[in-house]
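So the structure is just underneath, and the comments pick up after that.
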There are 2 protein chains.
Amino acid sequence: MPRIGMEPVRRKALIDAAIDAIHQDGMAHVTMGTIARRAGVSAGLAHHYFGGKEKLLLATMRHLLSELGTEIEQRLKQAETPRARISAIIEGNFAPCQFRPAVVSAWLAFYAAAETEPEARRLLRVYRRRLESNLVHALQDLTESRAEAGELAETIAALIDGLWIRHSLAEGEAAPGGATRLVENVVEAALAPRRSGRAKG
Amino acid sequence: MPRIGMEPVRRKALIDAAIDAIHQDGMAHVTMGTIARRAGVSAGLAHHYFGGKEKLLLATMRHLLSELGTEIEQRLKQAETPRARISAIIEGNFAPCQFRPAVVSAWLAFYAAAETEPEARRLLRVYRRRLESNLVHALQDLTESRAEAGELAETIAALIDGLWIRHSLAEGEAAPGGATRLVENVVEAALAPRRSGRAKG
DNA sequence: TTATGTTGATTGACTGTTCAATCAAAAACC
DNA sequence: GGTTTTTGATTGAACAGTCAATCAACATAA
């Protein structure tokens with residue numbers, strides 16, 4: 001069984017398993033054993049590759065952050081106007097692969113964990129700062145003052161976070177499209193006074 | 001020392017201790033022992049009054065929900081117009097006693113726990129449904145369609161949740177007033193097309 | 001042989017929970 | 001008023017279970 005070059009394969013399998021395990025058992029009850037079994041390996045191997053439970057969980061978090069970052073960057077590359085950049089960021093945050101129940105659960109768990117785990121807190125802050133920086137930059141050409149851009153950016157960021165949370169509690173399947181539209185509406189309304197008043201899609 | 005009539009005193013002390021313990025150690029690491037010690041009693045007593053760890057945590061959650069409900073209802077009673085009712089709900093959600101760091105931590109932890117604990121999930125849904133019902137009802141006189149009222153209510157609710165989360169990660173002390181203003185701005189902008197355009201405070 | 005991949009057993013610490021015993025106030029009785 | 005009984009409050013120790021982490025050992029490929 002032991003073929004060589006297994007390390008990246010196992011790492012990915014363990015991270016994916018961690019996401020699912022957090023979703024199913026909750027961060028408080030998740031164990032190395034269940035994660036490892038779900039990945040089809042022994043608990044010892046998980047320690048071998050990640051060096052401990054906390055490290056594995058942080059690696060999982062980094063994986064999620066990196067995936068989300070990629071999702072946003074891809075859309076940003078294709079956006080040509082500041083307004084399109086805003087939409088790219090919004091849409092990227094609600095990308096279907098990020099909106100999966102297990103992923104949403106994991107995000108929520110990491111937000112909660114960040115309250116007490118310094119490294120998790122740091123990671124989340126870095127991500128948040130970059131998101132806001134992107135938003136403010138794009139908004140600078142669309143608003144009149146830097147303060148206004150900052151406030152709108154904060155509003156958009158909070159709205160995105162809030163819609164994520166609500167999605168996690170939703171009974172039925174709420175489509176990502178619905179969330180996107182709500183945020184776009186807020187952006188349009190906030191920008192309306194300064195524009196010729198184009199109708200929304 | 002054993003005076004009688006201690007039960008309500010101990011219950012409250014244990015619930016308060018639970019909130020602080022969750023804030024300091026995180027839901028994943030909190031134990032009956034630390035909660036009890038913080039409340040100045042033995043772990044056995046916590047079991048005696050609450051019947052177990054999960055029950056104590058659920059009681060803590062109910063306490064938080066009830067406190068928030070009171071905060072909102074008080075403000076709703078003094079509101080005379082639909083528009084004022086909206087503001088009452090927003091302000092109630094950001095009431096200072098709810099915006100304390102330990103309370104925000106606990107809320108976040110319960111949101112995460114609700115992902116796997118059915119009773120916590122149920123409680124959160126009840127609370128959320130009532131919040132939205134309040135919002136939709138007040139918005140009915142301010143919007144043109146029931147659908148629009150529903151969407152705006154969802155937006156406001158999500159924004160409130162999101163600002164809470166961001167507050168929990170905030171480095172500096174973000175004032176509740178700032179959060180209130182951001183939500184009010186969104187409400188005003190959404191309602192603007194239908195109004196004579198009164199300036200915001 | 002050497003390096004990598006992998007497991008299973010083991011351990012030491014910690015946790016939720018139970019329970020018998022203790023102690024003090026209150027109530028009932030004389 | 002004093003004595004006895006009852007009841008609520010409270011603890012400390014003990015139990016049973018779980019988990020993260022370690023480690024020695026084994027298998028395979030180069």
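Chain labels A, B, ... are given in the sequence in which chains occur in the structure tokens; within each chain residues are numbered consecutively from 1, and ligands are likewise numbered from 1 in the order shown.
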Could you do a least-squares fit of chain B on chain A over every C-alpha atom, in sequence order, and give the output as a compact mmCIF listing (two decimals) with C-alpha atoms, in the first residue's frame?
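Saved as out.txt:
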# COMPACT_ATOMS: atom_id res chain seq x y z
CA MET B 1 0.20 -0.30 -0.63
CA PRO B 2 2.68 2.28 0.58
CA ARG B 3 3.41 4.07 -2.64
CA ILE B 4 5.63 7.09 -2.39
CA GLY B 5 4.51 10.66 -2.97
CA MET B 6 1.52 10.16 -0.73
CA GLU B 7 2.05 13.26 1.37
CA PRO B 8 0.07 15.80 -0.70
CA VAL B 9 -2.70 13.28 -1.24
CA ARG B 10 -3.01 12.55 2.46
CA ARG B 11 -2.82 16.20 3.44
CA LYS B 12 -5.68 17.06 1.15
CA ALA B 13 -7.72 14.06 2.24
CA LEU B 14 -7.23 14.98 5.89
CA ILE B 15 -8.18 18.61 5.33
CA ASP B 16 -11.30 17.63 3.44
CA ALA B 17 -12.14 15.15 6.16
CA ALA B 18 -11.65 17.84 8.78
CA ILE B 19 -14.16 20.10 7.05
CA ASP B 20 -16.73 17.32 6.92
CA ALA B 21 -16.06 16.26 10.48
CA ILE B 22 -16.51 19.79 11.78
CA HIS B 23 -19.74 20.01 9.86
CA GLN B 24 -21.05 16.76 11.27
CA ASP B 25 -19.77 16.72 14.85
CA GLY B 26 -19.05 20.36 15.55
CA MET B 27 -15.72 21.88 16.50
CA ALA B 28 -16.26 20.98 20.14
CA HIS B 29 -16.61 17.26 19.51
CA VAL B 30 -14.30 16.67 16.59
CA THR B 31 -11.40 14.33 17.29
CA MET B 32 -8.25 13.33 15.46
CA GLY B 33 -9.60 9.81 15.35
CA THR B 34 -12.79 10.66 13.49
CA ILE B 35 -11.01 12.95 11.06
CA ALA B 36 -8.39 10.32 10.30
CA ARG B 37 -10.91 7.53 9.91
CA ARG B 38 -12.93 9.68 7.55
CA ALA B 39 -9.79 10.25 5.49
CA GLY B 40 -9.13 6.52 5.50
CA VAL B 41 -5.95 6.61 7.55
CA SER B 42 -4.90 6.17 11.16
CA ALA B 43 -4.77 8.90 13.75
CA GLY B 44 -1.03 8.50 13.94
CA LEU B 45 -0.63 9.51 10.34
CA ALA B 46 -2.54 12.71 10.86
CA HIS B 47 -0.09 13.61 13.57
CA HIS B 48 2.80 12.59 11.35
CA TYR B 49 1.80 15.01 8.61
CA PHE B 50 0.38 17.91 10.59
CA GLY B 51 2.05 17.67 13.95
CA GLY B 52 -1.06 17.87 16.08
CA LYS B 53 -4.74 18.63 16.17
CA GLU B 54 -4.44 22.38 16.37
CA LYS B 55 -2.04 22.47 13.44
CA LEU B 56 -4.37 20.36 11.32
CA LEU B 57 -7.26 22.65 12.10
CA LEU B 58 -5.23 25.73 11.25
CA ALA B 59 -4.13 24.15 7.99
CA THR B 60 -7.77 23.50 7.19
CA MET B 61 -8.55 27.13 7.85
CA ARG B 62 -5.73 28.31 5.62
CA HIS B 63 -7.01 26.04 2.90
CA LEU B 64 -10.45 27.59 3.10
CA LEU B 65 -9.07 31.12 3.10
CA SER B 66 -6.88 30.40 0.13
CA GLU B 67 -9.73 28.83 -1.83
CA LEU B 68 -11.91 31.84 -1.19
CA GLY B 69 -9.11 34.18 -2.17
CA THR B 70 -8.64 32.38 -5.46
CA GLU B 71 -12.33 32.52 -6.15
CA ILE B 72 -12.35 36.28 -5.72
CA GLU B 73 -9.14 36.95 -7.61
CA GLN B 74 -10.33 35.04 -10.64
CA ARG B 75 -13.39 37.25 -10.88
CA LEU B 76 -11.42 40.42 -10.18
CA LYS B 77 -9.17 39.75 -13.15
CA GLN B 78 -12.11 39.80 -15.51
CA ALA B 79 -13.61 42.98 -14.07
CA GLU B 80 -12.80 46.13 -15.99
CA THR B 81 -14.65 48.88 -14.18
CA PRO B 82 -14.64 49.74 -10.46
CA ARG B 83 -18.29 48.89 -10.30
CA ALA B 84 -17.59 45.51 -11.86
CA ARG B 85 -14.87 44.92 -9.28
CA ILE B 86 -17.41 45.35 -6.51
CA SER B 87 -19.66 42.78 -8.12
CA ALA B 88 -16.72 40.45 -8.59
CA ILE B 89 -15.93 40.54 -4.89
CA ILE B 90 -19.53 39.95 -3.92
CA GLU B 91 -19.99 37.10 -6.34
CA GLY B 92 -16.69 35.53 -5.33
CA ASN B 93 -17.76 35.46 -1.71
CA PHE B 94 -20.90 33.58 -2.63
CA ALA B 95 -19.25 31.20 -5.07
CA PRO B 96 -21.11 27.89 -4.93
CA CYS B 97 -18.07 25.88 -3.87
CA GLN B 98 -17.80 28.17 -0.84
CA PHE B 99 -21.48 28.04 -0.11
CA ARG B 100 -21.56 24.29 0.53
CA PRO B 101 -23.08 23.47 3.92
CA ALA B 102 -19.94 21.81 5.26
CA VAL B 103 -17.79 24.77 4.25
CA VAL B 104 -20.16 27.27 5.81
CA SER B 105 -20.14 25.25 9.03
CA ALA B 106 -16.37 25.22 9.07
CA TRP B 107 -16.15 28.96 8.51
CA LEU B 108 -18.53 29.60 11.35
CA ALA B 109 -16.57 27.30 13.62
CA PHE B 110 -13.34 29.09 12.76
CA TYR B 111 -14.86 32.47 13.44
CA ALA B 112 -15.85 31.21 16.85
CA ALA B 113 -12.46 29.64 17.45
CA ALA B 114 -10.74 32.88 16.50
CA GLU B 115 -12.19 34.33 19.66
CA THR B 116 -9.69 32.40 21.73
CA GLU B 117 -7.01 31.06 19.35
CA PRO B 118 -4.57 33.82 18.44
CA GLU B 119 -3.36 32.30 15.19
CA ALA B 120 -6.88 31.76 13.89
CA ARG B 121 -7.69 35.32 14.85
CA ARG B 122 -4.68 36.59 12.97
CA LEU B 123 -5.59 34.68 9.82
CA LEU B 124 -9.13 35.98 9.86
CA ARG B 125 -7.95 39.55 10.32
CA VAL B 126 -5.56 39.31 7.41
CA TYR B 127 -8.31 38.01 5.19
CA ARG B 128 -10.73 40.66 6.35
CA ARG B 129 -8.28 43.47 5.85
CA ARG B 130 -7.59 42.37 2.30
CA LEU B 131 -11.29 42.13 1.54
CA GLU B 132 -11.92 45.63 2.81
CA SER B 133 -8.89 47.00 1.06
CA ASN B 134 -10.20 45.61 -2.21
CA LEU B 135 -13.61 47.08 -1.59
CA VAL B 136 -12.39 50.51 -0.57
CA HIS B 137 -10.08 50.71 -3.54
CA ALA B 138 -12.86 49.93 -5.99
CA LEU B 139 -15.24 52.27 -4.22
CA GLN B 140 -12.96 55.26 -4.33
CA ASP B 141 -13.97 56.16 -7.85
CA LEU B 142 -17.63 55.65 -7.07
CA THR B 143 -17.99 57.71 -3.93
CA GLU B 144 -17.23 61.27 -3.01
CA SER B 145 -15.19 60.91 0.14
CA ARG B 146 -12.80 58.35 1.46
CA ALA B 147 -14.93 58.11 4.58
CA GLU B 148 -17.98 57.22 2.54
CA ALA B 149 -16.05 54.54 0.70
CA GLY B 150 -14.89 53.11 4.00
CA GLU B 151 -18.37 53.00 5.45
CA LEU B 152 -19.89 51.39 2.41
CA ALA B 153 -17.07 48.84 2.32
CA GLU B 154 -17.76 47.98 5.95
CA THR B 155 -21.45 47.66 5.21
CA ILE B 156 -20.85 45.33 2.28
CA ALA B 157 -18.41 43.19 4.23
CA ALA B 158 -20.77 42.91 7.18
CA LEU B 159 -23.66 42.06 4.90
CA ILE B 160 -21.69 39.26 3.29
CA ASP B 161 -20.75 37.82 6.67
CA GLY B 162 -24.31 38.09 7.88
CA LEU B 163 -25.77 36.35 4.85
CA TRP B 164 -23.31 33.53 5.35
CA ILE B 165 -24.44 33.03 8.90
CA ARG B 166 -28.08 33.13 7.98
CA HIS B 167 -27.39 30.62 5.26
CA SER B 168 -25.97 28.24 7.82
CA LEU B 169 -29.20 28.33 9.79
CA ALA B 170 -31.51 28.33 6.80
CA GLU B 171 -33.99 25.50 6.70
CA GLY B 172 -34.51 25.36 2.97
CA GLU B 173 -31.82 25.68 0.36
CA ALA B 174 -31.18 29.36 -0.10
CA ALA B 175 -29.59 30.03 -3.44
CA PRO B 176 -26.32 31.95 -3.61
CA GLY B 177 -28.00 34.09 -6.24
CA GLY B 178 -30.43 35.45 -3.68
CA ALA B 179 -27.63 36.57 -1.40
CA THR B 180 -25.79 38.21 -4.26
CA ARG B 181 -28.86 40.14 -5.29
CA LEU B 182 -29.49 41.47 -1.79
CA VAL B 183 -25.96 42.85 -1.55
CA GLU B 184 -26.14 44.34 -5.04
CA ASN B 185 -29.37 46.08 -4.11
CA VAL B 186 -27.69 47.73 -1.16
CA VAL B 187 -24.77 48.84 -3.29
CA GLU B 188 -27.05 50.29 -5.92
CA ALA B 189 -29.14 52.12 -3.36
CA ALA B 190 -26.07 53.56 -1.69
CA LEU B 191 -24.64 54.70 -4.97
CA ALA B 192 -27.92 55.90 -6.47
CA PRO B 193 -27.78 59.59 -5.46
CA ARG B 194 -24.65 60.03 -7.51
CA ARG B 195 -25.72 58.28 -10.66
CA SER B 196 -28.10 58.77 -13.52
CA GLY B 197 -30.27 56.06 -12.02
CA ARG B 198 -29.80 52.93 -14.07
CA ALA B 199 -32.33 50.21 -13.39
CA LYS B 200 -31.17 47.08 -11.69
CA GLY B 201 -31.29 43.66 -13.35
When the cut-off is 9 Å and we count only C-alpha atoms (C1' of nucleotides), which residues of chain D are near chain B, given as a CSV table (one decimal) with C-alpha atoms (C1' of nucleotides), in the first residue's frame?
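Dumped everything to out.csv:
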chain,number,residue,atom,x,y,z
D,8,DG,C1',-32.0,22.3,51.1
D,9,DA,C1',-27.3,23.4,50.1
D,10,DT,C1',-22.8,21.8,49.2
D,11,DT,C1',-18.7,19.3,48.8
Self-check item: Distance filter 9 Å, only C-alpha atoms (C1' of nucleotides), chain C against chain B, as a list in words
Solution: DT15, DG16, DT17, DT18, DC23, DA24, DA25 and DA26 of chain C
Self-check item: Separation of C1' of DT4 in chain C from C1' of DC19 in chain D in Å
Solution: 27.6 Å
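Reported to one decimal place, the separation of C1' of DA14 in chain D from C1' of DT22 in chain C is 17.2 Å.
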Quiz item: Hey, what does DSSP flag as alpha helix (DSSP H) within chain A? Can you give it to me as a PyMOL selection string?
Solution: chain A and resi 7-25+32-39+43-50+53-78+82-93+101-113+118-139+146-169+176-191
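Coordinates place C1' of DG8 in chain C at a distance of 26.6 Å from C1' of DA30 in chain D.
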Exercise. Might you pull out every residue within 10 Å of range 23-27 of chain D, with only C-alpha atoms (C1' of nucleotides) counted and same-chain residues fewer than 2 positions away left off, and present them as JSON, numbers by chain?
Key: {"A": [1, 2], "C": [5, 6, 7, 8, 9, 10], "D": [21, 29]}
Self-check item: Residues near DT3 in chain D, cut-off 12 Å, only C-alpha atoms (C1' of nucleotides), skip fewer than 5 positions along chain, as number ranges by chain
Solution: C: 28-30
